[in-house]
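Accompanying notes for the structure given below.
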Amino acid sequence: ALNNSTLKAELGRSTWKLLHTITARFPEKPTENEKDALRNYVYLFSRLYPCGECATEFQKILEKYPPQVSSREAASQWMCAIHNIVNKRLKKEQFDCAQIADKYKCGCDDDETNTTT
Ligand code: FAD
């Protein structure tokens, strides 16, 4: 059976994938409404994330590094940076945020390269 730390890690991987994919698809020139949506999503997420300890620590990170919502690039780099802060706290490797643009694809748009078709 899966133990608690395995389950917590699995939830974390799925969650980071969704968060990075959302910022990778965020508009390059967001409207005020779209900026509000991303900001609100991040703060509501930080209250609802089911790992309580993770959520509490994440809220502290957000106080210091509020969501950057001015553009796709700003949002993606911000998400990468805060993931790296969590990585550091958990003594994991730092990810090179210069590589982020190509990493998170959703398969939801024609302009995405799809190597399987
Ligand atoms: P993950 O950190 O889950 O990353 C998955 C993949 O994303 C990596 O394999 C890599 O390919 C890529 N990646 C790594 N770093 C970056 C980056 N900076 N930017 C973009 N892509 C990257 N676990 C705890 O035990 N305690 C906590 O307090 C805790 N807090 C968390 C808070 C949040 C908001 C989230 C979403 C998760 C949290 N977790 C916490 C889970 C933890 O961050 C990991 O998801 C989990 O430990 C699994 O780690 P992993 O090594 O598989 O890689």
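The chains in the structure tokens are called A, B, ... from first to last as shown; in each chain the residues are counted from 1, and the ligands are counted from 1 in the order shown.
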- Message: What residues of the protein or nucleic acid chains come within 8 Å of ligand 1 when you use only C-alpha atoms and all ligand atoms? Reply as a PyMOL selection string.
- Response: chain A and resi 5+8-17+19-20+46+49+51+53-58+79-87+89-90+92-97+100+103
- Item | Shell of 10 Å around Pro66 of chain A, only C-alpha atoms, local chain residues under 2 positions omitted, as a VMD selection string | chain A and resid 39 42 to 43 59 to 64 68 to 69 78 82
Include N, CA and C atoms and write out the residues we just selected as a short mmCIF file (atom, residue, chain, number, x, y, z; two decimals), in the first residue's frame.
data_model
loop_
_atom_site.label_atom_id
_atom_site.label_comp_id
_atom_site.auth_asym_id
_atom_site.auth_seq_id
_atom_site.Cartn_x
_atom_site.Cartn_y
_atom_site.Cartn_z
N ARG A 39 -4.42 35.57 -10.03
CA ARG A 39 -4.07 35.94 -8.64
C ARG A 39 -5.02 35.26 -7.65
N VAL A 42 -4.44 31.48 -7.32
CA VAL A 42 -3.27 31.12 -6.50
C VAL A 42 -3.60 31.26 -5.01
N TYR A 43 -4.25 32.37 -4.64
CA TYR A 43 -4.55 32.55 -3.21
C TYR A 43 -5.60 31.55 -2.72
N GLN A 59 1.61 29.63 1.92
CA GLN A 59 1.06 30.97 2.20
C GLN A 59 2.16 31.92 2.67
N LYS A 60 3.12 31.41 3.44
CA LYS A 60 4.24 32.26 3.87
C LYS A 60 5.08 32.69 2.67
N ILE A 61 5.29 31.76 1.73
CA ILE A 61 6.05 32.11 0.52
C ILE A 61 5.31 33.19 -0.26
N LEU A 62 3.98 33.05 -0.36
CA LEU A 62 3.19 34.04 -1.12
C LEU A 62 3.25 35.43 -0.49
N GLU A 63 3.36 35.49 0.83
CA GLU A 63 3.47 36.80 1.47
C GLU A 63 4.73 37.52 1.01
N LYS A 64 5.79 36.75 0.85
CA LYS A 64 7.07 37.32 0.44
C LYS A 64 7.16 37.50 -1.08
N GLN A 68 2.89 36.95 -9.73
CA GLN A 68 3.23 37.88 -10.81
C GLN A 68 2.34 37.55 -12.00
N VAL A 69 1.46 38.47 -12.35
CA VAL A 69 0.41 38.17 -13.31
C VAL A 69 0.40 39.11 -14.52
N TRP A 78 7.62 33.31 -12.35
CA TRP A 78 7.26 33.38 -10.92
C TRP A 78 6.94 31.98 -10.39
N ILE A 82 8.92 30.07 -7.36
CA ILE A 82 8.36 29.63 -6.07
C ILE A 82 8.45 28.11 -5.92
#
Let's see if you can do this: from backbone DSSP, list all helix (DSSP H, G or I) residues in segment 16-49 of chain A, as a short mmCIF file (atom, residue, chain, number, x, y, z; two decimals) with C-alpha atoms, in the first residue's frame.
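Output below, filename part.cif:
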data_model
loop_
_atom_site.label_atom_id
_atom_site.label_comp_id
_atom_site.auth_asym_id
_atom_site.auth_seq_id
_atom_site.Cartn_x
_atom_site.Cartn_y
_atom_site.Cartn_z
CA TRP A 16 2.94 21.36 -9.83
CA LYS A 17 2.21 20.02 -13.30
CA LEU A 18 -1.18 21.72 -13.34
CA LEU A 19 0.17 24.98 -11.89
CA HIS A 20 3.06 25.21 -14.38
CA THR A 21 0.77 24.28 -17.27
CA ILE A 22 -1.69 27.00 -16.27
CA THR A 23 1.03 29.67 -16.26
CA ALA A 24 2.53 28.32 -19.52
CA GLU A 32 -7.22 42.93 -15.86
CA ASN A 33 -9.88 40.25 -15.49
CA GLU A 34 -7.42 37.50 -16.45
CA LYS A 35 -4.81 38.90 -14.06
CA ASP A 36 -7.39 38.86 -11.26
CA ALA A 37 -8.32 35.29 -12.12
CA LEU A 38 -4.77 33.99 -11.83
CA ARG A 39 -4.07 35.94 -8.64
CA ASN A 40 -7.29 34.76 -7.03
CA TYR A 41 -6.69 31.19 -8.18
CA VAL A 42 -3.27 31.12 -6.50
CA TYR A 43 -4.55 32.55 -3.21
CA LEU A 44 -7.61 30.29 -3.11
CA PHE A 45 -5.40 27.32 -4.01
CA SER A 46 -3.11 28.19 -1.07
CA ARG A 47 -6.10 27.95 1.29
CA LEU A 48 -7.50 24.74 -0.17
#
- Spatial neighbours of Ser70 of chain A, max dist 8 Å, only C-alpha atoms, sep filter under 4 positions, as a PyMOL selection string: chain A and resi 29-30+35+74-75
Since we have the selection now, will you write its residues out, keeping N, CA and C atoms, as a short mmCIF file (atom, residue, chain, number, x, y, z; two decimals), in the first residue's frame?
data_model
loop_
_atom_site.label_atom_id
_atom_site.label_comp_id
_atom_site.auth_asym_id
_atom_site.auth_seq_id
_atom_site.Cartn_x
_atom_site.Cartn_y
_atom_site.Cartn_z
N LYS A 29 -0.60 38.77 -23.15
CA LYS A 29 -1.07 40.10 -22.75
C LYS A 29 -2.42 39.97 -22.03
N PRO A 30 -2.40 39.61 -20.76
CA PRO A 30 -3.66 39.36 -20.04
C PRO A 30 -4.46 40.64 -19.80
N LYS A 35 -5.80 38.75 -15.14
CA LYS A 35 -4.81 38.90 -14.06
C LYS A 35 -5.45 38.59 -12.71
N ALA A 74 6.05 36.50 -17.11
CA ALA A 74 6.17 36.86 -15.69
C ALA A 74 5.56 35.77 -14.81
N ALA A 75 4.39 35.28 -15.20
CA ALA A 75 3.70 34.26 -14.40
C ALA A 75 4.47 32.94 -14.40
#
- Quick one: pull the distance between atom CA of Asn4 of chain A and atom CA of Tyr104 of chain A, Å, one decimal.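 Answer for the atom CA of Asn4 of chain A to atom CA of Tyr104 of chain A separation: 27.1 Å.
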- Task: Compare A:Lys88, A:Ser76, A:Asn3, A:Ser71 by their minimum atom-to-atom distance to Asp102 of chain A, counting only C-alpha atoms, and give me the closest one.
- Result: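 Looking only at the distances to Asp102 of chain A, the closest residue turns out to be A:Ser76.
Atom CA of Arg72 of chain A is found 7.0 Å from atom CA of Arg25 of chain A.
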- Task: Could you please determine the separation between atom CA of Leu7 of chain A and atom CA of Ala101 of chain A in Å, to one decimal place?
- Result: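 Calculated distance between atom CA of Leu7 of chain A and atom CA of Ala101 of chain A is 28.1 Å.
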